[in-house]
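As stored in work-v7.pdb (PDB, C-alpha atoms, pLDDT in the B column):
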```pdb
ATOM      1  CA  MET A1301      -1.338 -13.363 161.340  1.00 80.00           C
ATOM      2  CA  GLY A1302      -0.809 -11.850 157.925  1.00 89.00           C
ATOM      3  CA  VAL A1303      -3.557  -9.730 156.405  1.00 96.00           C
ATOM      4  CA  ILE A1304      -4.149  -8.849 152.748  1.00 97.00           C
ATOM      5  CA  HIS A1305      -6.290  -5.885 151.703  1.00 98.00           C
ATOM      6  CA  ARG A1306      -6.982  -6.098 148.001  1.00 98.00           C
ATOM      7  CA  ARG A1307      -7.437  -2.942 146.052  1.00 98.00           C
ATOM      8  CA  ALA A1308     -11.056  -2.301 145.053  1.00 98.00           C
ATOM      9  CA  ALA A1309     -12.555   0.009 142.399  1.00 97.00           C
ATOM     10  CA  SER A1310     -11.725   3.691 142.851  1.00 96.00           C
ATOM     11  CA  GLU A1311     -14.453   6.140 143.875  1.00 94.00           C
ATOM     12  CA  GLY A1312     -14.310   9.810 142.944  1.00 92.00           C
ATOM     13  CA  GLY A1313     -10.651   9.479 142.033  1.00 95.00           C
ATOM     14  CA  GLU A1314      -9.792   8.010 145.442  1.00 96.00           C
ATOM     15  CA  LEU A1315      -8.413   4.531 146.094  1.00 98.00           C
ATOM     16  CA  ARG A1316     -10.443   1.917 147.944  1.00 98.00           C
ATOM     17  CA  TRP A1317      -9.623  -1.491 149.458  1.00 98.00           C
ATOM     18  CA  GLU A1318     -11.691  -4.521 150.389  1.00 97.00           C
ATOM     19  CA  GLY A1319     -12.251  -4.760 154.125  1.00 93.00           C
ATOM     20  CA  VAL A1320     -10.950  -1.269 154.926  1.00 97.00           C
ATOM     21  CA  SER A1321     -13.298   1.316 156.448  1.00 94.00           C
ATOM     22  CA  LEU A1322     -13.640   4.757 154.914  1.00 92.00           C
ATOM     23  CA  ARG A1323     -13.388   7.540 157.492  1.00 87.00           C
ATOM     24  CA  ALA A1324     -13.947  11.271 157.154  1.00 81.00           C
ATOM     25  CA  TYR A1325     -10.808  13.180 157.932  1.00 79.00           C
ATOM     26  CA  GLY A1326     -10.412  16.416 159.752  1.00 68.00           C
ATOM     27  CA  PRO A1327     -13.466  18.501 158.876  1.00 50.00           C
ATOM     28  CA  GLU A1328     -14.396  19.102 162.492  1.00 52.00           C
ATOM     29  CA  ASN A1329     -11.181  20.842 163.440  1.00 48.00           C
ATOM     30  CA  SER A1330      -9.348  21.830 160.308  1.00 50.00           C
ATOM     31  CA  GLY A1331     -11.786  23.162 157.766  1.00 51.00           C
ATOM     32  CA  ALA A1332     -10.455  20.450 155.465  1.00 51.00           C
ATOM     33  CA  LEU A1333     -12.700  20.083 152.428  1.00 54.00           C
ATOM     34  CA  HIS A1334     -13.787  16.583 151.538  1.00 80.00           C
ATOM     35  CA  ALA A1335     -10.834  14.589 152.824  1.00 89.00           C
ATOM     36  CA  THR A1336     -10.861  10.898 153.704  1.00 92.00           C
ATOM     37  CA  ARG A1337      -8.680   8.485 155.637  1.00 94.00           C
ATOM     38  CA  GLN A1338      -8.315   4.706 155.435  1.00 97.00           C
ATOM     39  CA  ILE A1339      -6.171   2.685 157.792  1.00 97.00           C
ATOM     40  CA  LEU A1340      -4.365   0.013 155.753  1.00 98.00           C
ATOM     41  CA  VAL A1341      -2.130  -1.284 158.547  1.00 98.00           C
ATOM     42  CA  GLY A1342      -3.114  -0.402 162.108  1.00 97.00           C
ATOM     43  CA  HIS A1343      -4.660  -1.722 165.285  1.00 95.00           C
ATOM     44  CA  ASP A1344      -6.993  -4.061 163.369  1.00 94.00           C
ATOM     45  CA  GLU A1345      -3.940  -5.740 161.820  1.00 94.00           C
ATOM     46  CA  ARG A1346      -2.304  -5.848 165.272  1.00 94.00           C
ATOM     47  CA  SER A1347       0.706  -3.960 163.985  1.00 95.00           C
ATOM     48  CA  PRO A1348       2.792  -3.150 167.065  1.00 95.00           C
ATOM     49  CA  HIS A1349       5.445  -0.798 165.635  1.00 96.00           C
ATOM     50  CA  PHE A1350       4.071   1.258 162.745  1.00 98.00           C
ATOM     51  CA  HIS A1351       0.771   2.122 161.078  1.00 98.00           C
ATOM     52  CA  MET A1352       0.177   2.802 157.377  1.00 98.00           C
ATOM     53  CA  ARG A1353      -2.708   5.019 156.389  1.00 98.00           C
ATOM     54  CA  TYR A1354      -4.037   6.396 153.066  1.00 98.00           C
ATOM     55  CA  PHE A1355      -5.353   9.941 152.874  1.00 97.00           C
ATOM     56  CA  ALA A1356      -7.173  11.502 149.929  1.00 96.00           C
ATOM     57  CA  VAL A1357      -7.914  15.203 149.627  1.00 94.00           C
ATOM     58  CA  GLN A1358     -10.248  16.426 146.889  1.00 93.00           C
ATOM     59  CA  PRO A1359      -9.417  19.399 144.618  1.00 93.00           C
ATOM     60  CA  GLY A1360      -9.577  22.661 146.561  1.00 91.00           C
ATOM     61  CA  GLY A1361      -9.057  20.832 149.847  1.00 90.00           C
ATOM     62  CA  HIS A1362      -6.234  20.595 152.328  1.00 91.00           C
ATOM     63  CA  THR A1363      -5.113  18.687 155.375  1.00 91.00           C
ATOM     64  CA  SER A1364      -5.097  20.280 158.796  1.00 88.00           C
ATOM     65  CA  LEU A1365      -2.154  22.443 159.868  1.00 90.00           C
ATOM     66  CA  ASP A1366      -0.401  19.810 161.971  1.00 90.00           C
ATOM     67  CA  GLN A1367       2.513  19.595 164.368  1.00 92.00           C
ATOM     68  CA  HIS A1368       3.080  16.323 166.240  1.00 92.00           C
ATOM     69  CA  ALA A1369       5.823  14.908 168.400  1.00 94.00           C
ATOM     70  CA  HIS A1370       5.902  11.857 166.113  1.00 95.00           C
ATOM     71  CA  ASP A1371       7.298  11.665 162.606  1.00 97.00           C
ATOM     72  CA  HIS A1372       5.666  10.728 159.274  1.00 97.00           C
ATOM     73  CA  GLY A1373       6.809   8.893 156.161  1.00 98.00           C
ATOM     74  CA  VAL A1374       4.784  10.027 153.136  1.00 98.00           C
ATOM     75  CA  TYR A1375       4.564   8.426 149.684  1.00 98.00           C
ATOM     76  CA  VAL A1376       2.484  10.266 147.069  1.00 98.00           C
ATOM     77  CA  LEU A1377       0.253   7.874 145.133  1.00 98.00           C
ATOM     78  CA  HIS A1378      -1.723  10.229 142.885  1.00 98.00           C
ATOM     79  CA  GLY A1379      -2.413  13.871 142.183  1.00 98.00           C
ATOM     80  CA  ARG A1380      -0.385  16.931 143.083  1.00 98.00           C
ATOM     81  CA  ALA A1381      -0.085  19.084 146.194  1.00 98.00           C
ATOM     82  CA  ARG A1382       1.659  22.064 147.693  1.00 98.00           C
ATOM     83  CA  LEU A1383       3.343  21.068 150.941  1.00 98.00           C
ATOM     84  CA  CYS A1384       4.142  23.664 153.582  1.00 97.00           C
ATOM     85  CA  LEU A1385       6.866  22.064 155.698  1.00 96.00           C
ATOM     86  CA  ALA A1386       8.648  23.917 158.477  1.00 90.00           C
ATOM     87  CA  GLY A1387       8.018  27.273 156.796  1.00 90.00           C
ATOM     88  CA  GLU A1388       9.044  26.223 153.283  1.00 95.00           C
ATOM     89  CA  GLU A1389       6.850  25.360 150.302  1.00 97.00           C
ATOM     90  CA  HIS A1390       7.308  22.384 147.998  1.00 97.00           C
ATOM     91  CA  GLU A1391       5.273  21.033 145.105  1.00 98.00           C
ATOM     92  CA  LEU A1392       4.691  17.284 145.166  1.00 98.00           C
ATOM     93  CA  GLU A1393       3.559  14.776 142.586  1.00 98.00           C
ATOM     94  CA  ALA A1394       3.044  11.023 142.310  1.00 98.00           C
ATOM     95  CA  GLY A1395       6.062   9.004 143.420  1.00 98.00           C
ATOM     96  CA  ASP A1396       7.591  11.721 145.577  1.00 98.00           C
ATOM     97  CA  VAL A1397       8.645  10.739 149.108  1.00 98.00           C
ATOM     98  CA  VAL A1398       8.616  13.035 152.148  1.00 98.00           C
ATOM     99  CA  TYR A1399      10.015  12.355 155.582  1.00 98.00           C
ATOM    100  CA  ILE A1400       8.473  14.744 158.123  1.00 97.00           C
ATOM    101  CA  ALA A1401      10.480  14.739 161.340  1.00 96.00           C
ATOM    102  CA  GLY A1402       8.859  15.062 164.758  1.00 96.00           C
ATOM    103  CA  ASN A1403       7.522  18.528 165.617  1.00 95.00           C
ATOM    104  CA  GLU A1404       7.800  19.869 162.071  1.00 96.00           C
ATOM    105  CA  VAL A1405       4.759  21.945 161.110  1.00 96.00           C
ATOM    106  CA  HIS A1406       3.173  20.588 157.933  1.00 95.00           C
ATOM    107  CA  GLN A1407       0.117  21.007 155.724  1.00 95.00           C
ATOM    108  CA  PHE A1408      -0.834  19.672 152.278  1.00 96.00           C
ATOM    109  CA  PHE A1409      -2.982  21.618 149.767  1.00 95.00           C
ATOM    110  CA  THR A1410      -4.303  19.763 146.733  1.00 96.00           C
ATOM    111  CA  LEU A1411      -3.245  21.321 143.413  1.00 97.00           C
ATOM    112  CA  GLY A1412      -5.072  20.821 140.120  1.00 97.00           C
ATOM    113  CA  GLU A1413      -8.286  18.973 139.312  1.00 96.00           C
ATOM    114  CA  GLU A1414      -7.347  15.501 140.545  1.00 97.00           C
ATOM    115  CA  PRO A1415      -7.624  14.308 144.167  1.00 97.00           C
ATOM    116  CA  PHE A1416      -4.310  14.177 146.025  1.00 97.00           C
ATOM    117  CA  GLY A1417      -3.697  10.765 147.594  1.00 98.00           C
ATOM    118  CA  PHE A1418      -0.813   9.591 149.733  1.00 98.00           C
ATOM    119  CA  LEU A1419       0.366   6.890 152.078  1.00 98.00           C
ATOM    120  CA  CYS A1420       1.383   8.123 155.531  1.00 98.00           C
ATOM    121  CA  VAL A1421       3.398   5.907 157.873  1.00 98.00           C
ATOM    122  CA  VAL A1422       3.547   6.775 161.567  1.00 98.00           C
ATOM    123  CA  PRO A1423       4.747   5.054 164.754  1.00 97.00           C
ATOM    124  CA  ALA A1424       2.065   2.834 166.302  1.00 96.00           C
ATOM    125  CA  ASN A1425       2.566   4.494 169.686  1.00 92.00           C
ATOM    126  CA  ARG A1426       1.976   8.212 169.321  1.00 91.00           C
TER
ATOM    127  CA  MET B1164      14.716  17.875 159.583  1.00 80.00           C
ATOM    128  CA  GLY B1165      12.305  16.981 156.815  1.00 89.00           C
ATOM    129  CA  VAL B1166      13.637  15.344 153.672  1.00 96.00           C
ATOM    130  CA  ILE B1167      12.064  15.157 150.196  1.00 97.00           C
ATOM    131  CA  HIS B1168      13.100  12.553 147.646  1.00 98.00           C
ATOM    132  CA  ARG B1169      11.658  13.460 144.278  1.00 98.00           C
ATOM    133  CA  ARG B1170      10.793  10.733 141.873  1.00 98.00           C
ATOM    134  CA  ALA B1171      13.218  10.487 138.948  1.00 98.00           C
ATOM    135  CA  ALA B1172      12.882   8.778 135.548  1.00 97.00           C
ATOM    136  CA  SER B1173      12.220   5.030 135.701  1.00 96.00           C
ATOM    137  CA  GLU B1174      14.926   2.600 134.594  1.00 94.00           C
ATOM    138  CA  GLY B1175      14.112  -0.844 133.254  1.00 92.00           C
ATOM    139  CA  GLY B1176      10.564  -0.560 134.585  1.00 95.00           C
ATOM    140  CA  GLU B1177      11.812   0.214 138.111  1.00 96.00           C
ATOM    141  CA  LEU B1178      11.218   3.447 140.026  1.00 98.00           C
ATOM    142  CA  ARG B1179      14.071   5.781 140.886  1.00 98.00           C
ATOM    143  CA  TRP B1180      14.400   8.814 143.177  1.00 98.00           C
ATOM    144  CA  GLU B1181      16.800  11.736 143.349  1.00 97.00           C
ATOM    145  CA  GLY B1182      19.345  11.344 146.123  1.00 93.00           C
ATOM    146  CA  VAL B1183      18.504   7.698 146.864  1.00 97.00           C
ATOM    147  CA  SER B1184      21.169   5.018 146.346  1.00 94.00           C
ATOM    148  CA  LEU B1185      20.413   1.929 144.309  1.00 92.00           C
ATOM    149  CA  ARG B1186      21.487  -1.293 146.033  1.00 87.00           C
ATOM    150  CA  ALA B1187      21.567  -4.829 144.778  1.00 81.00           C
ATOM    151  CA  TYR B1188      19.257  -7.027 146.786  1.00 79.00           C
ATOM    152  CA  GLY B1189      19.732 -10.548 147.925  1.00 68.00           C
ATOM    153  CA  PRO B1190      21.666 -12.317 145.157  1.00 50.00           C
ATOM    154  CA  GLU B1191      24.445 -13.422 147.468  1.00 51.00           C
ATOM    155  CA  ASN B1192      22.222 -15.478 149.731  1.00 48.00           C
ATOM    156  CA  SER B1193      18.914 -16.036 148.008  1.00 50.00           C
ATOM    157  CA  GLY B1194      19.482 -16.722 144.355  1.00 51.00           C
ATOM    158  CA  ALA B1195      17.229 -13.746 143.690  1.00 51.00           C
ATOM    159  CA  LEU B1196      17.443 -12.724 140.043  1.00 54.00           C
ATOM    160  CA  HIS B1197      18.048  -9.063 139.337  1.00 80.00           C
ATOM    161  CA  ALA B1198      16.390  -7.505 142.368  1.00 89.00           C
ATOM    162  CA  THR B1199      17.102  -4.035 143.742  1.00 92.00           C
ATOM    163  CA  ARG B1200      16.485  -2.130 146.954  1.00 94.00           C
ATOM    164  CA  GLN B1201      16.266   1.590 147.664  1.00 97.00           C
ATOM    165  CA  ILE B1202      15.900   3.030 151.147  1.00 97.00           C
ATOM    166  CA  LEU B1203      13.421   5.916 150.949  1.00 98.00           C
ATOM    167  CA  VAL B1204      13.168   6.572 154.692  1.00 98.00           C
ATOM    168  CA  GLY B1205      15.905   5.125 156.891  1.00 97.00           C
ATOM    169  CA  HIS B1206      19.015   5.939 158.877  1.00 95.00           C
ATOM    170  CA  ASP B1207      20.037   8.714 156.449  1.00 94.00           C
ATOM    171  CA  GLU B1208      16.736  10.471 157.162  1.00 94.00           C
ATOM    172  CA  ARG B1209      17.259   9.879 160.901  1.00 94.00           C
ATOM    173  CA  SER B1210      13.940   8.095 161.156  1.00 95.00           C
ATOM    174  CA  PRO B1211      13.848   6.623 164.672  1.00 95.00           C
ATOM    175  CA  HIS B1212      10.733   4.421 164.557  1.00 96.00           C
ATOM    176  CA  PHE B1213      10.165   2.987 161.066  1.00 98.00           C
ATOM    177  CA  HIS B1214      11.956   2.625 157.735  1.00 98.00           C
ATOM    178  CA  MET B1215      10.369   2.649 154.267  1.00 98.00           C
ATOM    179  CA  ARG B1216      12.109   0.787 151.454  1.00 98.00           C
ATOM    180  CA  TYR B1217      11.315   0.119 147.777  1.00 98.00           C
ATOM    181  CA  PHE B1218      12.119  -3.256 146.261  1.00 97.00           C
ATOM    182  CA  ALA B1219      11.928  -4.161 142.578  1.00 96.00           C
ATOM    183  CA  VAL B1220      12.165  -7.694 141.255  1.00 94.00           C
ATOM    184  CA  GLN B1221      12.548  -8.273 137.524  1.00 92.00           C
ATOM    185  CA  PRO B1222      10.445 -10.830 135.588  1.00 93.00           C
ATOM    186  CA  GLY B1223      11.466 -14.366 136.520  1.00 91.00           C
ATOM    187  CA  GLY B1224      12.951 -13.180 139.807  1.00 90.00           C
ATOM    188  CA  HIS B1225      11.963 -13.571 143.425  1.00 91.00           C
ATOM    189  CA  THR B1226      12.818 -12.288 146.872  1.00 91.00           C
ATOM    190  CA  SER B1227      14.605 -14.468 149.389  1.00 88.00           C
ATOM    191  CA  LEU B1228      12.625 -16.930 151.490  1.00 89.00           C
ATOM    192  CA  ASP B1229      12.457 -14.826 154.640  1.00 90.00           C
ATOM    193  CA  GLN B1230      11.372 -15.210 158.230  1.00 92.00           C
ATOM    194  CA  HIS B1231      12.110 -12.364 160.647  1.00 92.00           C
ATOM    195  CA  ALA B1232      11.090 -11.512 164.176  1.00 94.00           C
ATOM    196  CA  HIS B1233       9.928  -8.115 162.923  1.00 95.00           C
ATOM    197  CA  ASP B1234       6.848  -7.367 160.857  1.00 97.00           C
ATOM    198  CA  HIS B1235       6.414  -5.772 157.398  1.00 97.00           C
ATOM    199  CA  GLY B1236       3.852  -3.473 155.832  1.00 98.00           C
ATOM    200  CA  VAL B1237       3.814  -3.940 152.055  1.00 98.00           C
ATOM    201  CA  TYR B1238       2.183  -1.746 149.407  1.00 98.00           C
ATOM    202  CA  VAL B1239       2.362  -2.970 145.793  1.00 98.00           C
ATOM    203  CA  LEU B1240       3.300  -0.132 143.414  1.00 98.00           C
ATOM    204  CA  HIS B1241       3.572  -1.933 140.066  1.00 98.00           C
ATOM    205  CA  GLY B1242       3.565  -5.356 138.468  1.00 98.00           C
ATOM    206  CA  ARG B1243       2.218  -8.632 139.778  1.00 98.00           C
ATOM    207  CA  ALA B1244       3.542 -11.316 142.091  1.00 98.00           C
ATOM    208  CA  ARG B1245       2.774 -14.601 143.734  1.00 98.00           C
ATOM    209  CA  LEU B1246       3.196 -14.316 147.484  1.00 98.00           C
ATOM    210  CA  CYS B1247       3.868 -17.358 149.615  1.00 97.00           C
ATOM    211  CA  LEU B1248       2.828 -16.322 153.114  1.00 96.00           C
ATOM    212  CA  ALA B1249       2.796 -18.739 156.023  1.00 90.00           C
ATOM    213  CA  GLY B1250       2.225 -21.690 153.702  1.00 90.00           C
ATOM    214  CA  GLU B1251      -0.531 -20.103 151.613  1.00 95.00           C
ATOM    215  CA  GLU B1252      -0.291 -18.604 148.130  1.00 97.00           C
ATOM    216  CA  HIS B1253      -1.795 -15.299 147.034  1.00 97.00           C
ATOM    217  CA  GLU B1254      -1.620 -13.355 143.794  1.00 98.00           C
ATOM    218  CA  LEU B1255      -0.903  -9.647 144.197  1.00 98.00           C
ATOM    219  CA  GLU B1256      -1.241  -6.647 141.912  1.00 98.00           C
ATOM    220  CA  ALA B1257      -0.756  -2.881 142.094  1.00 98.00           C
ATOM    221  CA  GLY B1258      -2.560  -1.255 145.009  1.00 98.00           C
ATOM    222  CA  ASP B1259      -2.786  -4.398 147.128  1.00 98.00           C
ATOM    223  CA  VAL B1260      -1.673  -4.131 150.761  1.00 98.00           C
ATOM    224  CA  VAL B1261      -0.099  -6.934 152.810  1.00 98.00           C
ATOM    225  CA  TYR B1262       0.667  -6.965 156.507  1.00 98.00           C
ATOM    226  CA  ILE B1263       3.222  -9.678 157.294  1.00 97.00           C
ATOM    227  CA  ALA B1264       3.327 -10.354 161.027  1.00 96.00           C
ATOM    228  CA  GLY B1265       6.535 -11.182 162.856  1.00 96.00           C
ATOM    229  CA  ASN B1266       7.931 -14.676 162.205  1.00 95.00           C
ATOM    230  CA  GLU B1267       5.678 -15.369 159.223  1.00 96.00           C
ATOM    231  CA  VAL B1268       7.576 -17.066 156.395  1.00 96.00           C
ATOM    232  CA  HIS B1269       7.218 -15.077 153.176  1.00 95.00           C
ATOM    233  CA  GLN B1270       8.533 -14.920 149.629  1.00 95.00           C
ATOM    234  CA  PHE B1271       7.506 -12.939 146.524  1.00 96.00           C
ATOM    235  CA  PHE B1272       7.801 -14.288 142.944  1.00 95.00           C
ATOM    236  CA  THR B1273       7.339 -11.849 140.075  1.00 96.00           C
ATOM    237  CA  LEU B1274       4.532 -12.833 137.678  1.00 97.00           C
ATOM    238  CA  GLY B1275       4.264 -11.663 134.072  1.00 97.00           C
ATOM    239  CA  GLU B1276       6.593  -9.528 131.977  1.00 96.00           C
ATOM    240  CA  GLU B1277       6.676  -6.394 134.115  1.00 97.00           C
ATOM    241  CA  PRO B1278       8.964  -5.851 137.134  1.00 97.00           C
ATOM    242  CA  PHE B1279       7.238  -6.232 140.492  1.00 97.00           C
ATOM    243  CA  GLY B1280       7.777  -3.197 142.721  1.00 98.00           C
ATOM    244  CA  PHE B1281       6.617  -2.594 146.271  1.00 98.00           C
ATOM    245  CA  LEU B1282       7.074  -0.422 149.320  1.00 98.00           C
ATOM    246  CA  CYS B1283       8.069  -2.316 152.474  1.00 98.00           C
ATOM    247  CA  VAL B1284       7.794  -0.670 155.882  1.00 98.00           C
ATOM    248  CA  VAL B1285       9.665  -2.189 158.830  1.00 98.00           C
ATOM    249  CA  PRO B1286      10.499  -1.130 162.395  1.00 97.00           C
ATOM    250  CA  ALA B1287      13.718   0.918 162.583  1.00 96.00           C
ATOM    251  CA  ASN B1288      15.064  -1.348 165.343  1.00 92.00           C
ATOM    252  CA  ARG B1289      15.169  -4.900 164.030  1.00 91.00           C
TER
END
```
For this file, produce the structure as structure tokens.
Amino acid sequence: MGVIHRRAASEGGELRWEGVSLRAYGPENSGALHATRQILVGHDERSPHFHMRYFAVQPGGHTSLDQHAHDHGVYVLHGRARLCLAGEEHELEAGDVVYIAGNEVHQFFTLGEEPFGFLCVVPANR
Amino acid sequence: MGVIHRRAASEGGELRWEGVSLRAYGPENSGALHATRQILVGHDERSPHFHMRYFAVQPGGHTSLDQHAHDHGVYVLHGRARLCLAGEEHELEAGDVVYIAGNEVHQFFTLGEEPFGFLCVVPANR
């Protein structure tokens, strides 16, 4: 069955959707400052092959230093970030696309005064 | 290996990226008017599990009437559309998310004067 999640009013510069739960992201194991996660396409939508999530990281914050066997497809929706990817640094802004292959070490650091928000696609089985 | 596609200047209200080929979409079999496709994450990026594409449909245009065994995750980036999904109609705007399950009949019709642009995630093997 198809599912539509309509965009709702933003909060604190972060995107929100009707019917999508807001989850804290990472503070317990990463020191990430004020980061959130929302699952737009996942188990609730019974998506068998891929999941699509939205992450938002407030100014001064960062994602955890991650290395997974699975890959990621990232689309930047708002804000700017410094990405450390496999030992190299890149600056990202809205509209940029990143493919992170399996086992590549990666971490995003928000730049500037606006929250950094991105879509992150991953395999459903990971 | 990770890959970054930086956003480039828009053309005709459609998004563009550095290093991403622009492809015509659908006119040969759908009657779609002035629609384009760009593969942001696909075979070139050696993505084994999922692909991420961007489609843009100019005002007055539509996508083909499609029904596939595989599913789609859609994120609306700009513009508005009428979506016919499994016999029901929905109006979509920027930020809306649609999960289209396998075998659901679907078709997008651009509404208004702005091109309709969306990300579409699909399984790599389809």
Chain A least-squares fitted onto chain B over all paired C-alpha atoms, as a compact mmCIF listing (two decimals) with C-alpha atoms, in the frame of the given file:
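result_15.txt written:
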```txt
# COMPACT_ATOMS: atom_id res chain seq x y z
CA MET A 1301 14.69 17.90 159.57
CA GLY A 1302 12.29 17.00 156.80
CA VAL A 1303 13.62 15.34 153.67
CA ILE A 1304 12.06 15.17 150.20
CA HIS A 1305 13.10 12.56 147.64
CA ARG A 1306 11.65 13.47 144.28
CA ARG A 1307 10.79 10.74 141.87
CA ALA A 1308 13.22 10.49 138.95
CA ALA A 1309 12.88 8.78 135.55
CA SER A 1310 12.24 5.04 135.71
CA GLU A 1311 14.94 2.60 134.60
CA GLY A 1312 14.11 -0.85 133.26
CA GLY A 1313 10.58 -0.56 134.60
CA GLU A 1314 11.82 0.23 138.11
CA LEU A 1315 11.22 3.45 140.03
CA ARG A 1316 14.07 5.80 140.89
CA TRP A 1317 14.41 8.83 143.19
CA GLU A 1318 16.80 11.75 143.35
CA GLY A 1319 19.34 11.35 146.13
CA VAL A 1320 18.51 7.70 146.87
CA SER A 1321 21.16 5.02 146.35
CA LEU A 1322 20.42 1.93 144.30
CA ARG A 1323 21.48 -1.28 146.04
CA ALA A 1324 21.56 -4.85 144.78
CA TYR A 1325 19.27 -7.04 146.81
CA GLY A 1326 19.77 -10.56 147.93
CA PRO A 1327 21.71 -12.29 145.15
CA GLU A 1328 24.45 -13.47 147.48
CA ASN A 1329 22.20 -15.53 149.71
CA SER A 1330 18.89 -16.04 147.99
CA GLY A 1331 19.45 -16.76 144.34
CA ALA A 1332 17.22 -13.75 143.68
CA LEU A 1333 17.44 -12.73 140.04
CA HIS A 1334 18.04 -9.07 139.34
CA ALA A 1335 16.40 -7.50 142.37
CA THR A 1336 17.11 -4.03 143.74
CA ARG A 1337 16.48 -2.13 146.95
CA GLN A 1338 16.27 1.60 147.66
CA ILE A 1339 15.90 3.04 151.13
CA LEU A 1340 13.41 5.93 150.94
CA VAL A 1341 13.16 6.58 154.68
CA GLY A 1342 15.89 5.13 156.89
CA HIS A 1343 19.00 5.94 158.86
CA ASP A 1344 20.02 8.71 156.43
CA GLU A 1345 16.71 10.47 157.15
CA ARG A 1346 17.26 9.87 160.89
CA SER A 1347 13.94 8.08 161.16
CA PRO A 1348 13.85 6.62 164.67
CA HIS A 1349 10.73 4.42 164.55
CA PHE A 1350 10.17 2.99 161.06
CA HIS A 1351 11.95 2.63 157.73
CA MET A 1352 10.37 2.65 154.27
CA ARG A 1353 12.11 0.81 151.47
CA TYR A 1354 11.31 0.13 147.79
CA PHE A 1355 12.11 -3.25 146.27
CA ALA A 1356 11.92 -4.15 142.59
CA VAL A 1357 12.17 -7.69 141.27
CA GLN A 1358 12.54 -8.28 137.53
CA PRO A 1359 10.44 -10.83 135.60
CA GLY A 1360 11.47 -14.38 136.51
CA GLY A 1361 12.94 -13.20 139.80
CA HIS A 1362 11.97 -13.57 143.42
CA THR A 1363 12.82 -12.30 146.87
CA SER A 1364 14.60 -14.48 149.38
CA LEU A 1365 12.63 -16.96 151.49
CA ASP A 1366 12.47 -14.84 154.64
CA GLN A 1367 11.37 -15.22 158.24
CA HIS A 1368 12.11 -12.38 160.66
CA ALA A 1369 11.09 -11.52 164.19
CA HIS A 1370 9.93 -8.12 162.91
CA ASP A 1371 6.84 -7.38 160.86
CA HIS A 1372 6.42 -5.77 157.41
CA GLY A 1373 3.85 -3.48 155.83
CA VAL A 1374 3.81 -3.94 152.05
CA TYR A 1375 2.18 -1.73 149.40
CA VAL A 1376 2.37 -2.96 145.79
CA LEU A 1377 3.29 -0.14 143.42
CA HIS A 1378 3.57 -1.94 140.07
CA GLY A 1379 3.56 -5.35 138.47
CA ARG A 1380 2.20 -8.63 139.77
CA ALA A 1381 3.55 -11.32 142.08
CA ARG A 1382 2.76 -14.61 143.73
CA LEU A 1383 3.21 -14.31 147.48
CA CYS A 1384 3.85 -17.38 149.61
CA LEU A 1385 2.84 -16.33 153.12
CA ALA A 1386 2.78 -18.75 156.04
CA GLY A 1387 2.20 -21.71 153.72
CA GLU A 1388 -0.53 -20.10 151.61
CA GLU A 1389 -0.30 -18.60 148.12
CA HIS A 1390 -1.79 -15.29 147.03
CA GLU A 1391 -1.61 -13.33 143.80
CA LEU A 1392 -0.89 -9.63 144.20
CA GLU A 1393 -1.24 -6.64 141.92
CA ALA A 1394 -0.76 -2.88 142.09
CA GLY A 1395 -2.55 -1.26 145.02
CA ASP A 1396 -2.78 -4.40 147.13
CA VAL A 1397 -1.66 -4.12 150.76
CA VAL A 1398 -0.09 -6.92 152.81
CA TYR A 1399 0.68 -6.95 156.51
CA ILE A 1400 3.23 -9.67 157.30
CA ALA A 1401 3.33 -10.35 161.03
CA GLY A 1402 6.55 -11.19 162.86
CA ASN A 1403 7.95 -14.67 162.20
CA GLU A 1404 5.69 -15.37 159.23
CA VAL A 1405 7.58 -17.07 156.39
CA HIS A 1406 7.22 -15.08 153.18
CA GLN A 1407 8.53 -14.93 149.62
CA PHE A 1408 7.50 -12.95 146.52
CA PHE A 1409 7.80 -14.29 142.94
CA THR A 1410 7.33 -11.85 140.08
CA LEU A 1411 4.53 -12.84 137.67
CA GLY A 1412 4.27 -11.66 134.07
CA GLU A 1413 6.60 -9.53 131.98
CA GLU A 1414 6.68 -6.39 134.12
CA PRO A 1415 8.97 -5.85 137.14
CA PHE A 1416 7.24 -6.24 140.50
CA GLY A 1417 7.78 -3.20 142.73
CA PHE A 1418 6.62 -2.59 146.27
CA LEU A 1419 7.08 -0.42 149.32
CA CYS A 1420 8.07 -2.31 152.47
CA VAL A 1421 7.80 -0.66 155.89
CA VAL A 1422 9.66 -2.19 158.82
CA PRO A 1423 10.51 -1.13 162.39
CA ALA A 1424 13.72 0.92 162.58
CA ASN A 1425 15.07 -1.35 165.31
CA ARG A 1426 15.16 -4.90 164.02
```
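Ranking A:Ser1310, A:Ser1364, A:Ser1347, A:Thr1336 by their shortest atom-to-atom distance to chain B, with all atoms listed in the file included, puts A:Ser1347 first.
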Find the spatial neighbours of Asp1396 in chain A, counting all atoms listed in the file, within a cut-off of 12 Å - ignore same-chain residues fewer than 2 positions away - and output them as number ranges by chain. A: 1373-1381, 1383, 1390-1394, 1398-1399, 1417-1419; B: 1166-1172, 1178-1183, 1203-1204
Restricting the calculation to all atoms listed in the file: of A:Gly1395, A:Pro1415, A:Gly1360, A:Pro1348, which residue gets closest to chain B? A:Gly1395
I'd like to see the residues matched by the PyMOL selection byres ((chain B and resi 1200) around 8) on this file, and ideally I'd get them as a ChimeraX atom specification. /B:1185-1188,1198-1199,1201-1202,1216-1219
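When CA of Arg1346 in chain A is paired with CA of Gly1313 in chain A, their separation reads 29.1 Å.
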Box time for range 1408-1419 of chain A: axis-aligned, enclosing all its listed atoms, 4 Å extra on each side; report centre and edge lengths in Å to one decimal, as JSON.
```
{"center_x": -4.0, "center_y": 14.3, "center_z": 145.8, "size_x": 16.7, "size_y": 22.7, "size_z": 21.0}
```
In terms of the shortest atom-to-atom distance over all atoms listed in the file, which of A:Met1352, A:Val1422, A:Leu1411, A:Val1397 is closest to Ala1369 in chain A? A:Val1422
